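This is upload_17.txt (compact mmCIF, C-alpha atoms and all ligand atoms).
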# COMPACT_ATOMS: atom_id res chain seq x y z
CA MET A 106 103.62 114.64 116.70
CA LEU A 107 101.97 117.26 118.82
CA LEU A 108 105.02 119.52 118.65
CA SER A 109 102.90 122.27 117.18
CA ASP A 110 101.54 122.79 120.67
CA ALA A 111 104.77 122.25 122.52
CA PRO A 112 106.54 125.59 122.46
CA GLN A 113 103.50 127.50 123.64
CA SER A 114 104.30 127.00 127.28
CA GLY A 115 107.27 124.67 127.08
CA SER A 116 104.65 122.01 127.49
CA MET A 117 106.84 119.26 126.00
CA LEU A 118 109.31 119.85 128.80
CA LYS A 119 106.46 120.19 131.26
CA ARG A 120 105.17 116.78 130.23
CA PHE A 121 108.56 115.25 130.94
CA LEU A 122 108.65 116.93 134.34
CA VAL A 123 105.11 115.90 135.23
CA VAL A 124 105.85 112.30 134.32
CA ALA A 125 109.28 112.35 135.97
CA LEU A 126 107.80 113.71 139.19
CA ALA A 127 104.94 111.24 139.15
CA PHE A 128 107.32 108.32 138.82
CA SER A 129 109.90 109.52 141.34
CA ALA A 130 107.33 109.97 144.09
CA PRO A 131 107.28 107.45 146.96
CA ALA A 132 105.13 104.43 146.21
CA SER A 133 102.48 105.47 148.69
CA ALA A 134 102.11 108.86 147.03
CA GLN A 135 101.70 107.44 143.53
CA THR A 136 98.26 107.62 142.07
CA SER A 137 96.90 104.78 140.01
CA ALA A 138 96.01 107.21 137.22
CA LEU A 139 97.30 106.04 133.86
CA PRO A 140 98.74 108.53 131.36
CA PHE A 141 96.09 107.31 128.90
CA THR A 142 92.58 105.86 128.89
CA LEU A 143 92.38 102.28 127.72
CA LYS A 144 89.37 101.60 125.49
CA GLN A 145 88.37 98.26 124.01
CA VAL A 146 87.56 98.84 120.35
CA GLY A 147 87.03 95.24 119.26
CA PRO A 148 87.47 91.66 120.51
CA GLY A 149 91.02 91.66 121.91
CA VAL A 150 91.73 95.08 120.39
CA TYR A 151 92.46 98.08 122.59
CA ALA A 152 93.18 101.77 122.08
CA ALA A 153 95.26 103.75 124.58
CA ILE A 154 93.94 107.29 124.24
CA ASP A 155 96.15 110.12 125.51
CA GLY A 156 94.63 112.10 128.38
CA PRO A 157 93.88 115.82 128.52
CA GLU A 158 97.27 116.52 130.13
CA HIS A 159 99.05 114.78 127.21
CA LYS A 160 101.17 112.65 129.53
CA ALA A 161 101.26 109.83 126.96
CA GLY A 162 102.16 112.27 124.15
CA SER A 163 100.08 110.39 121.59
CA ASN A 164 97.71 107.47 121.27
CA ALA A 165 98.75 103.81 120.98
CA GLY A 166 96.98 100.46 121.02
CA PHE A 167 97.38 96.71 120.89
CA VAL A 168 95.95 93.55 119.38
CA VAL A 169 95.79 90.28 121.31
CA GLY A 170 96.11 87.27 119.00
CA ASP A 171 96.19 83.51 119.65
CA ASP A 172 99.81 83.40 120.64
CA GLY A 173 100.91 86.93 121.34
CA VAL A 174 100.34 90.65 121.27
CA LEU A 175 101.09 93.25 118.62
CA VAL A 176 101.40 96.82 119.89
CA VAL A 177 100.84 99.89 117.71
CA ASP A 178 103.11 102.79 118.69
CA ALA A 179 105.15 103.22 121.85
CA LEU A 180 103.97 106.58 123.27
CA PHE A 181 106.33 109.43 124.14
CA THR A 182 107.98 108.59 127.46
CA PRO A 183 109.39 105.31 128.77
CA GLU A 184 107.08 105.76 131.77
CA ALA A 185 103.99 105.89 129.56
CA ALA A 186 105.24 102.87 127.60
CA GLN A 187 105.79 101.01 130.89
CA ALA A 188 102.20 101.78 131.88
CA LEU A 189 101.06 100.37 128.52
CA VAL A 190 103.11 97.19 129.06
CA SER A 191 101.59 96.82 132.54
CA GLU A 192 98.07 97.18 131.14
CA ILE A 193 98.79 94.56 128.47
CA HIS A 194 100.09 92.16 131.12
CA ARG A 195 97.00 92.85 133.23
CA ILE A 196 94.73 91.93 130.29
CA THR A 197 96.58 88.91 128.88
CA PRO A 198 99.38 86.52 129.87
CA LYS A 199 100.37 86.25 126.18
CA PRO A 200 103.80 87.61 125.24
CA ILE A 201 104.29 91.00 123.59
CA ARG A 202 105.78 90.07 120.22
CA TYR A 203 105.76 93.19 118.04
CA VAL A 204 105.50 96.94 118.20
CA VAL A 205 104.68 98.68 114.93
CA ASN A 206 105.75 102.35 114.75
CA THR A 207 103.34 104.29 112.56
CA HIS A 208 106.12 106.85 111.91
CA TYR A 209 109.37 108.15 113.40
CA HIS A 210 108.09 111.09 115.52
CA ALA A 211 109.25 110.79 119.14
CA ASP A 212 105.75 110.98 120.60
CA HIS A 213 105.11 107.61 118.88
CA THR A 214 108.58 106.00 119.23
CA GLY A 215 109.86 107.37 122.57
CA GLY A 216 108.84 104.20 124.43
CA ASP A 217 110.29 101.73 121.90
CA GLY A 218 113.10 100.70 124.27
CA VAL A 219 110.59 99.68 126.93
CA LEU A 220 108.55 97.69 124.40
CA ARG A 221 111.68 95.95 123.14
CA ASP A 222 112.74 95.10 126.71
CA ALA A 223 109.26 93.63 127.14
CA GLY A 224 109.92 91.29 124.20
CA ALA A 225 108.77 93.22 121.13
CA ILE A 226 110.38 93.25 117.71
CA ILE A 227 110.22 96.82 116.41
CA VAL A 228 108.56 97.06 112.97
CA ALA A 229 108.68 100.35 111.04
CA HIS A 230 108.76 101.89 107.60
CA ARG A 231 112.24 101.57 106.07
CA ASN A 232 112.83 105.33 106.34
CA VAL A 233 112.39 105.31 110.12
CA ARG A 234 115.84 103.78 110.74
CA GLY A 235 117.50 106.79 109.19
CA TRP A 236 115.24 109.36 110.84
CA VAL A 237 114.35 108.23 114.35
CA ARG A 238 117.55 109.52 116.01
CA VAL A 239 118.54 112.39 113.71
CA ASN A 240 115.27 113.95 112.57
CA ASN A 241 113.64 113.88 115.99
CA ILE A 242 116.47 116.10 117.22
CA ASN A 243 115.88 118.46 114.30
CA LEU A 244 112.20 118.43 115.12
CA PHE A 245 112.78 119.84 118.61
CA GLY A 246 115.05 122.55 117.23
CA ASP A 247 116.24 125.04 119.88
CA ARG A 248 113.69 123.73 122.36
CA ILE A 249 115.67 120.55 122.92
CA THR A 250 117.08 119.85 126.39
CA PRO A 251 120.15 117.69 127.11
CA GLU A 252 117.84 115.03 128.61
CA ILE A 253 115.63 114.85 125.55
CA ARG A 254 118.65 114.81 123.23
CA ALA A 255 120.22 111.92 125.15
CA ARG A 256 116.97 109.97 125.10
CA ILE A 257 116.47 110.47 121.37
CA GLU A 258 120.07 109.50 120.57
CA ALA A 259 119.53 106.29 122.54
CA LEU A 260 116.26 105.31 120.82
CA PRO A 261 116.46 101.77 119.45
CA LEU A 262 116.49 101.37 115.68
CA PRO A 263 113.72 99.25 114.14
CA ASP A 264 114.45 95.52 113.71
CA VAL A 265 112.14 94.90 110.75
CA THR A 266 111.64 97.58 108.11
CA THR A 267 109.48 97.69 105.01
CA ASP A 268 108.30 99.91 102.21
CA GLN A 269 105.61 97.38 101.27
CA ASP A 270 102.43 96.19 102.92
CA LEU A 271 102.98 93.34 105.37
CA VAL A 272 100.77 90.73 106.97
CA VAL A 273 101.59 89.72 110.54
CA TRP A 274 99.93 86.56 111.81
CA LEU A 275 99.26 86.26 115.53
CA GLY A 276 98.40 82.57 115.27
CA SER A 277 95.17 82.60 113.24
CA ARG A 278 94.63 86.35 113.70
CA LYS A 279 95.57 88.49 110.72
CA VAL A 280 96.99 91.97 111.17
CA VAL A 281 97.73 94.04 108.07
CA VAL A 282 100.44 96.69 108.10
CA ARG A 283 100.01 99.11 105.20
CA THR A 284 102.31 101.79 103.83
CA VAL A 285 100.54 105.11 103.28
CA LEU A 286 101.54 108.62 102.21
CA GLY A 287 101.09 111.99 103.83
CA HIS A 288 102.40 112.62 107.35
CA THR A 289 106.17 112.06 107.18
CA GLY A 290 107.19 110.09 104.08
CA GLY A 291 107.60 106.96 106.22
CA ASP A 292 104.09 106.15 107.41
CA LEU A 293 102.39 102.88 108.28
CA VAL A 294 98.83 102.12 109.39
CA VAL A 295 97.68 98.88 111.00
CA SER A 296 94.37 97.20 110.33
CA VAL A 297 92.73 94.32 112.12
CA PRO A 298 90.25 93.04 109.52
CA ASP A 299 88.32 90.63 111.76
CA ALA A 300 87.60 93.46 114.24
CA LYS A 301 87.09 96.22 111.63
CA VAL A 302 89.64 98.41 113.38
CA LEU A 303 92.22 100.66 111.73
CA PHE A 304 95.04 102.18 113.74
CA ALA A 305 95.66 105.26 111.60
CA GLY A 306 98.60 106.84 113.44
CA ASP A 307 98.94 110.52 112.54
CA MET A 308 97.15 110.03 109.23
CA LEU A 309 94.11 110.90 111.36
CA TRP A 310 93.69 113.52 114.08
CA ARG A 311 90.28 113.82 115.72
CA LYS A 312 89.25 117.41 116.43
CA VAL A 313 92.87 118.45 117.01
CA ALA A 314 94.90 120.58 114.60
CA PRO A 315 97.49 118.27 112.98
CA ASN A 316 101.24 118.86 112.81
CA LEU A 317 102.19 119.35 109.16
CA ILE A 318 105.94 119.83 109.70
CA ASP A 319 106.94 116.80 107.59
CA GLY A 320 103.68 116.36 105.74
CA SER A 321 102.18 116.71 102.29
CA VAL A 322 98.56 117.81 102.57
CA LYS A 323 98.00 116.64 99.01
CA GLU A 324 99.06 113.07 99.79
CA TRP A 325 97.50 113.16 103.25
CA ALA A 326 94.02 114.15 102.05
CA ALA A 327 94.22 111.42 99.38
CA THR A 328 95.08 108.82 102.02
CA ASP A 329 92.11 109.87 104.15
CA ALA A 330 89.87 109.64 101.07
CA TYR A 331 91.19 106.10 100.64
CA PHE A 332 90.29 105.32 104.28
CA LEU A 333 86.71 106.34 103.48
CA VAL A 334 86.57 104.13 100.39
CA MET A 335 88.00 101.31 102.44
CA ALA A 336 85.38 101.91 105.12
CA ASP A 337 82.61 101.74 102.54
CA ALA A 338 83.74 99.05 100.17
CA ALA A 339 86.40 96.75 101.51
CA TYR A 340 84.86 96.07 104.87
CA GLY A 341 81.16 96.60 104.27
CA LYS A 342 80.67 97.40 107.95
CA PRO A 343 81.61 100.49 109.96
CA ILE A 344 85.30 100.71 110.77
CA THR A 345 86.55 101.98 114.10
CA PHE A 346 89.51 104.28 113.58
CA VAL A 347 92.13 104.88 116.24
CA PRO A 348 93.73 108.25 115.44
CA GLY A 349 97.25 109.34 116.44
CA HIS A 350 95.78 112.17 118.51
CA GLY A 351 92.24 112.66 119.78
CA ASP A 352 89.56 110.18 120.77
CA VAL A 353 88.45 106.96 119.04
CA ALA A 354 86.93 107.89 115.68
CA ASN A 355 84.54 106.77 112.96
CA ALA A 356 84.26 107.40 109.22
CA ARG A 357 82.54 110.74 109.85
CA ASP A 358 85.61 111.89 111.81
CA VAL A 359 87.85 110.83 108.91
CA ASP A 360 85.72 112.91 106.57
CA ASP A 361 85.82 115.83 109.04
CA PHE A 362 89.63 115.64 109.24
CA ARG A 363 89.99 115.43 105.46
CA THR A 364 87.68 118.43 105.12
CA TYR A 365 89.85 120.32 107.62
CA LEU A 366 92.95 119.71 105.47
CA ILE A 367 91.11 120.76 102.32
CA ASP A 368 89.68 123.89 104.03
CA LEU A 369 93.18 124.81 105.21
CA ARG A 370 94.58 124.41 101.69
CA ARG A 371 91.72 126.39 100.12
CA LEU A 372 91.99 129.27 102.62
CA VAL A 373 95.78 129.50 102.39
CA ALA A 374 95.53 129.46 98.58
CA ALA A 375 92.98 132.31 98.69
CA GLY A 376 95.20 134.34 101.03
CA ARG A 377 98.21 133.79 98.78
CA LYS A 378 96.16 134.98 95.81
CA ALA A 379 95.45 138.18 97.76
CA LYS A 380 99.25 138.51 98.23
CA LEU A 381 99.04 137.97 101.99
CA LYS A 382 102.17 136.74 103.76
CA ASP A 383 103.28 135.47 107.16
CA GLU A 384 101.22 136.98 110.00
CA ALA A 385 98.73 138.60 107.64
CA LEU A 386 98.15 135.21 106.01
CA VAL A 387 97.65 133.57 109.43
CA GLY A 388 95.29 136.41 110.40
CA TYR A 389 93.26 135.77 107.25
CA VAL A 390 93.08 131.97 107.57
CA ALA A 391 92.75 131.39 111.34
CA PRO A 392 89.30 132.88 112.08
CA LYS A 393 87.77 131.28 108.97
CA LEU A 394 89.22 127.84 109.71
CA ARG A 395 88.14 128.08 113.35
CA ALA A 396 84.62 129.09 112.34
CA LEU A 397 84.39 126.08 110.01
CA HIS A 398 85.67 123.71 112.72
CA SER A 399 84.37 125.28 115.90
CA ASP A 400 84.49 122.07 117.95
CA TRP A 401 88.22 121.58 117.27
CA THR A 402 91.17 122.46 119.48
CA ILE A 403 93.29 124.81 117.35
CA SER A 404 95.95 126.66 119.33
CA ASP A 405 97.47 129.89 118.02
CA ARG A 406 100.81 128.14 117.76
CA ALA A 407 99.32 125.22 115.79
CA ILE A 408 97.46 127.38 113.29
CA ALA A 409 100.51 129.60 112.68
CA ALA A 410 102.59 126.50 111.94
CA GLU A 411 99.90 124.96 109.72
CA VAL A 412 99.56 128.10 107.64
CA LYS A 413 103.34 128.36 107.26
CA TYR A 414 103.72 124.75 106.12
CA MET A 415 100.67 124.91 103.83
CA ASP A 416 102.04 128.11 102.29
CA GLN A 417 105.37 126.35 101.66
CA GLU A 418 103.65 123.34 100.11
CA LEU A 419 101.67 125.55 97.74
CA ALA A 420 104.82 127.53 96.90
CA GLY A 421 106.73 124.30 96.19
CA THR A 422 109.37 125.12 98.84
CA LYS A 423 108.28 122.64 101.53
CA LYS A 424 111.14 120.58 102.94
CA ARG A 425 110.32 116.99 103.84
CA PRO A 426 112.55 114.32 105.42
CA VAL A 427 114.85 112.71 102.85
CA PRO A 428 115.21 108.89 102.80
CA GLN A 429 118.70 107.87 103.92
CA PRO A 430 120.76 105.06 102.42
CA GLU A 431 120.54 101.87 104.47
ZN ZN A 501 103.49 112.61 114.15
Would you write the structure of this file as structure tokens?
Ligand SMILES: [Zn+2]
Amino acid sequence: MLLSDAPQSGSMLKRFLVVALAFSAPASAQTSALPFTLKQVGPGVYAAIDGPEHKAGSNAGFVVGDDGVLVVDALFTPEAAQALVSEIHRITPKPIRYVVNTHYHADHTGGDGVLRDAGAIIVAHRNVRGWVRVNNINLFGDRITPEIRARIEALPLPDVTTDQDLVVWLGSRKVVVRTVLGHTGGDLVVSVPDAKVLFAGDMLWRKVAPNLIDGSVKEWAATDAYFLVMADAAYGKPITFVPGHGDVANARDVDDFRTYLIDLRRLVAAGRKAKLKDEALVGYVAPKLRALHSDWTISDRAIAAEVKYMDQELAGTKKRPVPQPE
């Protein structure tokens, strides 16, 4: 989730307002601009890439099979999800059969209700059922508004849950849903082997500072290393990666992201060794990390949060979401 940027200017709220205004305007005043850019990344495989104003909240995508469509992630607002459904219907008359949530964060699950109304069965990691309503409220903390709270409390729970890899067949088209570790403790990625496409959810951010609030950098970096091995060995051809945030990516971007995580860990560890804390630690890490990744978007808010969470992980005090009994 892009919450690390949200409190800076109340931009999460601003996004809601922008979208709400856009959709309450008279029909004649509506623009045709989508909250995302749709990009074809393989035969019948599309990525919906969030725009610079972050109206979609995150990326999503979909796979058109013989007899239906599988959607990956539901975007943040119902309006953005509705735009995604409209684009799918524009591209294919086949029914929307599934939406796979890569994790519980609201910027990826906020549109689940719209996808379900459009016919989708919601597939998620088993931990998402226990987290999607409760932990998203915690995630907003004191920045939550009554509207956001009501929307989160009304989010549909997943219909199909798993803590194992799954294969979904869209007729003869194989889609593989894999469990991975690192971002929340309830993460899935979706691969389309025949198209060499991997929807990585928030296991991959392209040139944007990631939100570590629920993460383990140790597990996360290992998962991204596995993506690289997979890209080399299992497929034999270049894989196109669709990240959770940022533009369509390749293996070099995966390596760049993994290097970012490892640089962050190394710099925070060095600062801790020099007995730096809090703001002094951020002041030590931020310029060095920015210099190493000068083409990245790293807000002050994001870097402060990353350093705090990395510090906690290294200290062994990091709190992560706890799986709930079913
Ligand atoms: Zn997330």
**Request:** Write as a PyMOL selection string the residues around ligand ZN 501 (chain A), taking 10 Å as the cut-off and counting all atoms listed in the file.
**Result:** chain A and resi 106-108+163+207-214+288-289+292+306-310+315-320+349-350
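Every protein, DNA or RNA residue with an atom at most 8 Å from stretch 151-160 of chain A, where only C-alpha atoms count and chain neighbours fewer than 6 positions away do not, is listed here: Arg120, Phe121, Val123, Val124, Pro140, Phe141, Thr142, Leu143, Lys144, Gln145, Gly166, Phe167, Val168, Ala185, Leu189, Val347, His350, Gly351, Asp352 and Val353 of chain A.
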**Request:** Choose the residue, out of A:Val237, A:Val359, A:Val313, A:Val282, that has the smallest atom-to-atom separation from A:Leu333; count only C-alpha atoms.
**Result:**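 Going through A:Val237, A:Val359, A:Val313, A:Val282 one by one, the smallest distance to A:Leu333 is for A:Val359.
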**Request:** Give me the residues within 7 Å of stretch 380-391 of chain A as a ChimeraX atom specification, counting all atoms listed in the file and dropping any in the same chain fewer than 6 places off.
**Result:** /A:372-373,408-409,412
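With distances taken over all atoms listed in the file, A:Gly290 is the one residue among A:Val190, A:Gly290, A:Gly376, A:Leu244 lying closest to A:Arg425.
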**Asked** Closest to A:Val273 among A:Gly170, A:Gly215, A:Gly235, A:Pro200, using all atoms listed in the file?
**Response**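 Between A:Gly170, A:Gly215, A:Gly235, A:Pro200, the residue approaching A:Val273 most closely is A:Gly170.
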**Message:** For a quick check of understanding, using only C-alpha atoms, which of A:Ser399, A:Ala223, A:Lys301, A:Ala354 has the smallest distance to A:Ala188?
**Reply:**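 For A:Ala188, the nearest of the candidates is A:Ala223.
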**Straight-line distance linking atom CA of A:Val285 with atom CA of A:Ser321, stated in Å to one decimal** =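 Computing the Euclidean distance for atom CA of A:Val285 and atom CA of A:Ser321 yields 11.8 Å.
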